[in-house]
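J.: Once you've had a glance at the structure underneath, I'll fire off some questions.
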Amino acid sequence: METTPIMTQNTSDKPVTCTSGIELKPYYTAADIPEQHRPNVDVAPGEGPYHRGFHPSGYRSKPWRIFQLSGFGKPEDENERIKFLLKNGETGFIMEHDRNTADHCYNVNHPDVVARREDVGLTGAVMQSVRDTAICMDGLPVDTSFGHAGGAVVQHAPFALAAYWTVAKQRGFDLSTISGTGQSDFNLTYLGCVTKEQIPTQAGLRFNADIMEFCNQHLPRWVPVSIAGYNAADTGLTPDQELGVLFANAVEYLDEIKRRGNMSLVEAARGCGGVSFRASIHIIEEACKMRAARLMWNQLLRERYDINDPKVGNLRIHCVTAGSKMTYQQPLNNIVRGTVMALGAILGGVQSLGVSGYDEALSIPSEHAHQMSVRIQQILQEETGIADVTDPLGGSFYVETLTAQLVEKAWTFFEAIQQQGGYLAALDSGWLHAQAGENQYQEFMKTESGEQKIIGVNCFKDDESPFQVDGFMGTDDAFDVATERLNDVLRTRHEQGAARALKQLEADCRTDKNIMPAMMEALAAEVTLGEIGDVYREIFGNWNTPIQT
Amino acid sequence: MDNAQKRILMAKTGLDGHWRGPTIVARALRDAGFEVIMIGMANTDDIVSSAIDEDVDLVGLNVGGHIDVAIRAIEGVQKARPELPIFAGGTIPPHAAKQLAALGVEVYPPGSQLTDIVDAAERLTGRA
Amino acid sequence: MREHTTQALLAAAMAGERFSLARLLSLIERHPHVEAEVREALASHQPQAVVIGVTGPPGAGKSTLISVLLSHSTARFGKTAVLAVDPSSPFSGGALLGDRVRMQSHGVGGAVFIRSMASRGENGGLARTTATAIQVLDACGWPLIILETLGIGQVELDVMDLATVVTVVLNPGWGDTFQANKAGLTEAGDVFVINKADKAGTEQTRADLQDSLSLLQSPVPINIFETVAVKQEGVETLWRGIERYLEACNSLGLTAHKMAARRNRLLLRLVLRNLEAQLQAYWRSAQGTQYVQRVLAGELTLEELQADLCAHLCHQKAPETEHTS
């Protein structure tokens with residue numbers, strides 16, 4: 001009996017493409033795998049070109065880290081929420097700082113912050129001095145867990161890191177043994193979430209190289225900066241572009257370290273090897289993206305920097321599920337979305353994962369939503385068997401083809417960025433924003449026209465979801481308490497010591513000295529965030545944003 | 001129905017730098033024939049003085065944080081120009097949307113159709 | 001809201017009522033008859049305001065620069081009005097008047113009045129009613145008006161007609177991209193600014209500019225300034241330079257001369273605009289259409305067409321049947 005494949009419901013001749021624009025066939029066979037990739041298919045994880053991962057035993061030896069973005073209110077509120085999450089099973093913790101103050105390096109008494117006092121503490125805890133950070137870190141397992149110190153925005157990172165490390169030191173932890181991560185994220189700061197005032201990209205690069213060099217000397221187990229694709233993707237770049245831009249970003253850091261000559265490139269590459277990606281909802285493509293990333297990192301190190309050590313090529317990937325895919329309408333549906341996106345990341349073999357709250361489109365996560373994000377990961381880890389086999393998709397005709405195609409397309413975008421003069425130039429000129437903007441518009445139009453169905457939003461709508469979910473608004477005393485504490489610090493600190501330390505920081509900013517030693521001194525001397533921000537604005541000026549914000 | 005050129009002020013009440021949403025809306029309004037004056041992240045004073053000096057026909061607020069911040073801007077505009085319509089979009093949870101509606105502000109949360117927003121602009125400015 | 005008569009609105013605006021001024025500007029933009037009424041009411045008003053034109057290619061940093069200049073200008077003049085003109089979309093008629101993002105406001109009813117205008121189809125970089133808007137601001141007691149327009153080359157330089165001093169804002173490397181249009185901008189400017197001067201190529205750009213400017217005859221020296229507006233560097237020096245230019249023009253009697261020449265050019269432009277409107281109307285009329293067809297068919301000459309047009313314009317009469325045979 002002849003068996004013909006059953007055609008799907010797609011009766012139009014319109015080609016089907018994945019998010020990266022690569023056309024998808026109805027099914028794949030071995031012949032579809034691009035020739036140059038075929039030798040790679042039947043290698044083991046831990047063997048070059050590493051698209052299958054670095055450890056043959058994968059999640060069996062080390063499950064992915066459950067790592068949730070968290071924070072709001074006063075430092076003690078954030079402390080409480082972190083402890084709640086740790087108790088519920090997260091295996092690392094993230095200390096997010098209040099964005100109104102941190103992103104801009106303002107104290108709460110800055111007029112633009114005062115004008116928005118109810119927003120203070122909404123998306124992170126207010127930490128204006130080392131005293132606040134100490135409260136936030138009270139009783140947290142700095143030495144046994146993996147902490148993210150905050151400092152997502154580039155100009156904020158040195159302060160956030162120095163604050164965390166200073167508190168750790170004061171608590172008797174040995175900085176040379178603690179592990180954790182910074183972020184200092186260019187795609188967030190200069191592409192996705194452009195602030196009102198920010199140091200220019202060149203100054204930002206200087207900061208990050210300083211952080212990398214400082215960690216190399218004093219905190220060898222700490223991931224100094226985390227190059228992140230999340231905001232590139234959530235601002236509109238497609239998966240192939242997210243890959244290309246992430247590696248273009250890495251090149252800036254490595255080239256700068258090379259130029260300075262203070263630190264071995266091998267060490268720098270190891271430091272840069274903790275990256276993060278967005279995990280979006282076309283899950284096979286997303287899994288392929290992670291596989292492509294590992295391959296590309298090793299290719300980049302080999303071909304551009306002549307680094308062949310596989311230990312260095314170990315790309316550790318943290319993933320955050322796409323916040324922009326979470327809907328405002330029928331929020332409980334987002335539990336499914338979060339789960340599915342998490343699955344895509346896990347199939348891609350990531351080392352660390354944060355699942356967005358189901359109330360993401362309404363507010364920061366409520367306790368319940370936060371817990372749900374952890375439960376999703378725990379169920380996947382413990383009940384599904386998904387962690388039992390490394391790179392389960394490996395060998396699939398579709399997955400190997402798409403992985404290879406993504407690599408190629410991503411390098412093309414990488415080259416296009418180099419044509420623009422490199423990643424920093426592409427940010428300064430607005431070229432990357434233009435790419436992202438055009439994509440977002442197209443994507444938006446697809447939803448608008450109904451071509452892309454979003455359940456509950458443009459189809460299967462209901463006026464009022466029977467399961468009411470409202471936004472979680474944090475606490476309402478963050479501003480008042482922060483104001484009190486700011487006045488307290490300014491009043492009770494050793495003023496001469498603080499003035500001296502701030503002066504030293506200013507002097508070091510003006511030269512090309514590494515600013516981190518002076519930053520550590522400043523934190524210890526209880527210099528406040530706003531005072532440091534003022535120094536930055538004075539010395540570095542403001543980035544000329546290429547877009548309307 | 002009024003054929004005159006209509007001007008819309010667009011501002012963000014929070015200090016959050018996300019620019020996707022507002023940019024798409026501004027572009028759609030421009031494509032529908034509106035003159036869109038974008039002042040970005042703005043304090044209440046900035047919003048009110050622009051609403052007056054630019055003599056706009058509609059104010060569009062992108063709200064990202066606590067609703068009290070937006071309410072101050074709304075009340076400022078309503079005091080200075082009581083007849084001027086205001087609509088708002090952004091991360092506005094249900095309880096906050098109700099508060100805005102009570103002030104006479106139309107709310108367009110994430111997932112709203114662009115055509116609905118453009119239609120609203122036409123209706124509120126008296127073009128439709 | 002009660003409808004104000006134009007006269008009442010103008011009186012209120014001149015008495016300092018901010019919203020009346022804003023509303024008047026809107027009505028002028030919207031209704032030609034209101035514009036005409038206002039021009040007539042202000043015909044005897046002696047222009048006193050200094051107008052600083054700021055022009056240059058997109059992305060040069062004009063708005064950021066103006067934002068920083070405002071603190072100097074308000075210190076010197078007390079109040080400053082900013083008129084910022086952006087192009088309208090030729091497809092939809094809408095516009096994104098976006099650079100206001102970079103101009104910090106100075107509070108409600110403050111010393112700075114910022115007004116955005118879309119070009120609404122005009123080609124010279126200005127809106128049709130910009131000249132009248134300036135006249136109104138002047139009459140309402142704004143001693144300094146900064147007029148920001150997009151200027152790339154010879155086409156968008158109407159700002160020259162309205163400004164006492166034209167400041168051209170460029171970036172390093174400008175010469176390379178805008179070769180063909182260099183001539184226009186270099187002729188238009190009274191003061192030149194290389195903004196983002198911390199970027200590579202500043203020296204070369206200065207040299208290029210110097211070369212172009214040396215070919216021009218100017219009674220007042222034309223200076224080139226370097227600024228980094230986002231760091232507020234060089235802006236005070238620039239402001240002093242603008243002030244010196246204004247003083248030099250004044251002392252040489254050039255200001256009065258320039259303003260007279262300006263009024264002359266404006267008058268010509270208004271007359272041309274009116275004539276063009278009448279010509280268009282004739283062309284569309286039954287009589288005009290007929291005449292044009294006959295010229296195209298070779299039955300009448302161009303001169304005869306023009307004669308009929310002139311007669312029509314002089315007499316403003318309805319078409320006579322004796323002309324159509």
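Residue numbering restarts at 1 in every chain; chains get A, B, ... in the order shown in the structure tokens, and ligands count up from 1 in that same order.
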Residues of chain A within 7 Å of chain C, counting only C-alpha atoms, what are they? List them as number ranges by chain.

T.: A: 541-544, 548

J.: Could you turn the residues from that selection into a file that holds C-alpha atoms, as a PDB file, in the first residue's frame?

T.:
```pdb
ATOM      1  CA  GLY A 541      28.976  63.377  29.858  1.00  0.00           C
ATOM      2  CA  ASN A 542      25.829  61.886  28.465  1.00  0.00           C
ATOM      3  CA  TRP A 543      25.445  59.357  25.660  1.00  0.00           C
ATOM      4  CA  ASN A 544      23.906  60.896  22.589  1.00  0.00           C
ATOM      5  CA  GLN A 548      13.473  58.861  20.695  1.00  0.00           C
TER       6      GLN A 548
END
```

J.: Which residues of chain A come within 8 Å of chain B, and for each one, what is the closest pair of atoms and their distance in Å to one decimal, counting only C-alpha atoms, sorted by chain and residue number, as CSV?

T.:
```
residue,atom,partner,partner_atom,distance
A:Arg99,CA,B:Asp16,CA,7.6
A:Asn100,CA,B:Leu15,CA,6.0
A:Asp112,CA,B:Asn43,CA,7.2
A:Ala115,CA,B:Asn43,CA,6.7
A:Arg116,CA,B:Val69,CA,5.6
A:Arg117,CA,B:Val69,CA,7.7
A:Glu118,CA,B:His66,CA,5.8
A:Asp119,CA,B:His66,CA,5.3
A:Leu122,CA,B:Gly65,CA,7.2
A:Gly192,CA,B:His18,CA,6.1
A:Cys193,CA,B:Gly17,CA,4.2
A:Val194,CA,B:Gly17,CA,4.6
A:Thr195,CA,B:Gly17,CA,5.0
A:Lys196,CA,B:Met41,CA,7.4
A:Thr235,CA,B:Arg20,CA,6.5
A:Thr327,CA,B:Gly111,CA,7.0
A:Tyr328,CA,B:Pro110,CA,5.9
A:Gln329,CA,B:Gly111,CA,7.5
A:Ala361,CA,B:Thr91,CA,6.2
A:Leu362,CA,B:Pro93,CA,4.8
A:Ser363,CA,B:Thr91,CA,6.9
A:Gly437,CA,B:Arg20,CA,7.3
A:Gln440,CA,B:Arg20,CA,7.3
A:Tyr441,CA,B:Ile24,CA,6.5
A:Glu448,CA,B:Gln113,CA,5.9
A:Val457,CA,B:Gly111,CA,5.9
A:Asn458,CA,B:Gly111,CA,7.9
A:Asp470,CA,B:Pro94,CA,5.9
A:Gly471,CA,B:Pro93,CA,5.0
A:Met473,CA,B:His66,CA,7.4
A:Gln548,CA,B:Gly40,CA,6.9
A:Thr549,CA,B:Gly40,CA,5.2
```

J.: Take the residues just selected and output them with N, CA and C atoms as a CSV table (one decimal), in the first residue's frame.

T.:
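Result file follows (out13.csv):
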```
chain,number,residue,atom,x,y,z
A,99,ARG,N,15.2,50.7,39.7
A,99,ARG,CA,15.6,51.2,38.5
A,99,ARG,C,15.6,52.7,38.4
A,100,ASN,N,14.7,53.4,39.2
A,100,ASN,CA,14.7,54.8,39.1
A,100,ASN,C,16.0,55.4,39.6
A,112,ASP,N,14.0,64.2,39.6
A,112,ASP,CA,13.3,63.3,38.7
A,112,ASP,C,12.8,62.0,39.4
A,115,ALA,N,9.9,63.3,41.8
A,115,ALA,CA,8.6,63.4,41.0
A,115,ALA,C,7.9,62.1,40.8
A,116,ARG,N,8.6,61.0,40.9
A,116,ARG,CA,8.0,59.7,40.7
A,116,ARG,C,8.2,58.8,41.9
A,117,ARG,N,8.0,59.4,43.1
A,117,ARG,CA,8.3,58.7,44.3
A,117,ARG,C,7.6,57.4,44.5
A,118,GLU,N,6.4,57.2,44.0
A,118,GLU,CA,5.7,55.9,44.1
A,118,GLU,C,6.3,54.8,43.3
A,119,ASP,N,7.1,55.2,42.3
A,119,ASP,CA,7.8,54.2,41.4
A,119,ASP,C,9.0,53.7,42.1
A,122,LEU,N,9.7,49.9,42.9
A,122,LEU,CA,8.7,49.1,42.2
A,122,LEU,C,9.4,47.9,41.5
A,192,GLY,N,17.9,48.3,24.3
A,192,GLY,CA,16.6,48.1,24.6
A,192,GLY,C,15.9,49.0,25.6
A,193,CYS,N,16.6,49.6,26.5
A,193,CYS,CA,16.0,50.3,27.6
A,193,CYS,C,16.7,51.6,27.9
A,194,VAL,N,16.8,52.4,26.9
A,194,VAL,CA,17.6,53.6,26.9
A,194,VAL,C,17.2,54.6,28.0
A,195,THR,N,18.1,54.9,28.9
A,195,THR,CA,17.8,55.7,30.1
A,195,THR,C,17.9,57.2,29.7
A,196,LYS,N,17.6,58.1,30.6
A,196,LYS,CA,17.6,59.5,30.3
A,196,LYS,C,19.0,60.0,30.3
A,235,THR,N,13.8,43.6,22.1
A,235,THR,CA,13.6,44.8,21.4
A,235,THR,C,13.4,44.6,19.9
A,327,THR,N,1.1,37.7,28.0
A,327,THR,CA,0.0,38.5,27.6
A,327,THR,C,-0.6,39.2,28.8
A,328,TYR,N,-1.2,40.3,28.6
A,328,TYR,CA,-2.0,41.0,29.6
A,328,TYR,C,-3.3,40.4,29.8
A,329,GLN,N,-3.8,39.9,28.7
A,329,GLN,CA,-5.2,39.2,28.7
A,329,GLN,C,-5.0,37.8,29.1
A,361,ALA,N,3.0,41.0,32.2
A,361,ALA,CA,2.5,42.2,31.5
A,361,ALA,C,1.7,43.1,32.4
A,362,LEU,N,1.5,42.7,33.6
A,362,LEU,CA,0.8,43.6,34.5
A,362,LEU,C,1.7,44.3,35.5
A,363,SER,N,2.8,43.6,36.0
A,363,SER,CA,3.6,44.1,37.0
A,363,SER,C,4.8,43.2,37.3
A,437,GLY,N,13.9,48.1,15.3
A,437,GLY,CA,12.6,48.9,15.2
A,437,GLY,C,11.8,48.4,14.0
A,440,GLN,N,10.3,45.0,14.9
A,440,GLN,CA,9.2,45.1,15.9
A,440,GLN,C,8.0,45.5,15.1
A,441,TYR,N,8.2,46.4,14.2
A,441,TYR,CA,7.0,46.9,13.5
A,441,TYR,C,6.4,45.8,12.7
A,448,GLU,N,-1.4,42.4,14.6
A,448,GLU,CA,-2.4,43.4,14.4
A,448,GLU,C,-3.4,42.8,13.3
A,457,VAL,N,-5.6,37.3,22.9
A,457,VAL,CA,-5.3,38.7,22.5
A,457,VAL,C,-6.0,39.1,21.2
A,458,ASN,N,-5.8,38.3,20.2
A,458,ASN,CA,-6.4,38.7,18.9
A,458,ASN,C,-7.4,37.5,18.5
A,470,ASP,N,-4.4,40.5,39.3
A,470,ASP,CA,-4.1,41.9,39.2
A,470,ASP,C,-2.6,42.1,39.4
A,471,GLY,N,-2.2,43.3,39.2
A,471,GLY,CA,-0.8,43.6,39.3
A,471,GLY,C,-0.3,43.7,40.8
A,473,MET,N,2.0,45.5,43.3
A,473,MET,CA,2.6,46.8,43.3
A,473,MET,C,3.7,47.0,44.4
A,548,GLN,N,14.4,58.2,19.8
A,548,GLN,CA,13.5,58.9,20.7
A,548,GLN,C,13.2,57.9,21.8
A,549,THR,N,13.2,58.4,23.0
A,549,THR,CA,12.9,57.5,24.2
A,549,THR,C,11.8,58.1,25.0
```

J.: Please provide the set of residues having any atom within 12 Å of Asn264 of chain C, restricted to only C-alpha atoms, with same-chain residues fewer than 6 positions apart removed, written as a list of chain:residue names.

T.: C:Asp161, C:Leu162, C:His257, C:Lys258, C:Leu270, C:Val271

J.: Only C-alpha atoms, please: the residues just picked out, written as an mmCIF file, in the first residue's frame.

T.:
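Result went into out.cif, see below:
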```cif
data_model
loop_
_atom_site.group_PDB
_atom_site.id
_atom_site.type_symbol
_atom_site.label_atom_id
_atom_site.label_comp_id
_atom_site.auth_asym_id
_atom_site.auth_seq_id
_atom_site.Cartn_x
_atom_site.Cartn_y
_atom_site.Cartn_z
ATOM 1 C CA ASP C 161 15.019 84.722 5.205
ATOM 2 C CA LEU C 162 13.813 84.784 8.758
ATOM 3 C CA HIS C 257 19.923 96.125 6.424
ATOM 4 C CA LYS C 258 19.481 92.388 6.815
ATOM 5 C CA LEU C 270 4.037 86.150 -0.050
ATOM 6 C CA VAL C 271 3.209 87.794 -3.362
#
```

J.: Taking only C-alpha atoms into account, which of B:Gly126, B:Gly60, B:Gly89, B:Gly76 comes nearest chain C?

T.: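 Among B:Gly126, B:Gly60, B:Gly89, B:Gly76, it is B:Gly76 that comes nearest to chain C.
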
J.: Using DSSP on the backbone, list every residue of segment 26-118 of chain A that comes out as strand (DSSP E), and give them as a CSV table (one decimal) with N, CA and C atoms, in the first residue's frame.

T.:
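That gives us selection_15.csv:
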```csv
chain,number,residue,atom,x,y,z
A,65,ARG,N,20.6,25.8,36.8
A,65,ARG,CA,20.3,26.6,38.0
A,65,ARG,C,18.9,27.3,37.8
A,66,ILE,N,18.2,27.3,38.9
A,66,ILE,CA,16.9,28.0,38.9
A,66,ILE,C,17.2,29.4,39.4
A,93,PHE,N,20.5,33.4,43.4
A,93,PHE,CA,19.6,34.5,43.7
A,93,PHE,C,20.1,35.7,42.9
A,94,ILE,N,19.1,36.6,42.6
A,94,ILE,CA,19.4,37.8,41.8
A,94,ILE,C,18.9,39.0,42.7
```

J.: Given only C-alpha atoms, how would the per-residue table for chain B near chain C read, listing every residue at most 7 Å away with its closest atom pair and distance in Å to one decimal, sorted by chain and number, as a tab-separated table?

T.:
```
residue	atom	partner	partner_atom	distance
B:Ala4	CA	C:Arg30	CA	6.7
B:Arg30	CA	C:Gly94	CA	4.6
B:Asp31	CA	C:Ser92	CA	5.4
B:Ala32	CA	C:Ser92	CA	6.2
B:Gly33	CA	C:Gly94	CA	3.8
B:Phe34	CA	C:Gly94	CA	4.5
B:Glu35	CA	C:Ala95	CA	4.5
B:Val36	CA	C:Leu96	CA	5.0
B:Ile37	CA	C:Leu97	CA	4.7
B:Met38	CA	C:Gly98	CA	4.8
B:Ile39	CA	C:Val101	CA	4.2
B:Gly40	CA	C:Val101	CA	5.1
B:Asp45	CA	C:Gly107	CA	5.5
B:Asp46	CA	C:Ser105	CA	5.7
B:Val48	CA	C:Val108	CA	6.7
B:Ser49	CA	C:Val108	CA	4.6
B:Ile52	CA	C:Phe19	CA	5.8
B:Asp53	CA	C:Ala22	CA	5.2
B:Glu54	CA	C:Arg115	CA	5.4
B:Asp55	CA	C:Ala22	CA	5.6
```

J.: Could you dump the residues just selected with C-alpha atoms as a short mmCIF file (atom, residue, chain, number, x, y, z; two decimals), in the first residue's frame?

T.:
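See part-v8.cif below for the written result:
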```
data_model
loop_
_atom_site.label_atom_id
_atom_site.label_comp_id
_atom_site.auth_asym_id
_atom_site.auth_seq_id
_atom_site.Cartn_x
_atom_site.Cartn_y
_atom_site.Cartn_z
CA ALA B 4 -7.98 70.09 10.30
CA ARG B 30 1.87 59.62 12.03
CA ASP B 31 0.81 57.26 9.27
CA ALA B 32 -2.79 58.12 10.05
CA GLY B 33 -2.01 61.77 9.44
CA PHE B 34 -1.43 63.09 12.96
CA GLU B 35 1.37 65.41 14.01
CA VAL B 36 2.93 63.64 16.96
CA ILE B 37 4.98 65.65 19.43
CA MET B 38 7.09 63.28 21.50
CA ILE B 39 8.61 64.57 24.68
CA GLY B 40 9.77 61.20 26.04
CA ASP B 45 5.42 70.08 34.75
CA ASP B 46 6.93 69.18 31.38
CA VAL B 48 1.49 70.26 31.38
CA SER B 49 3.61 73.02 29.87
CA ILE B 52 -0.36 74.25 26.84
CA ASP B 53 2.42 75.65 24.68
CA GLU B 54 2.00 73.13 21.88
CA ASP B 55 -1.80 73.46 22.04
#
```

J.: Leaving out Asp512 of chain A and any residue of its chain fewer than 5 positions from it, which residues lie within 10 Å of it when counting only C-alpha atoms, given as number ranges by chain?

T.: A: 206, 210, 507
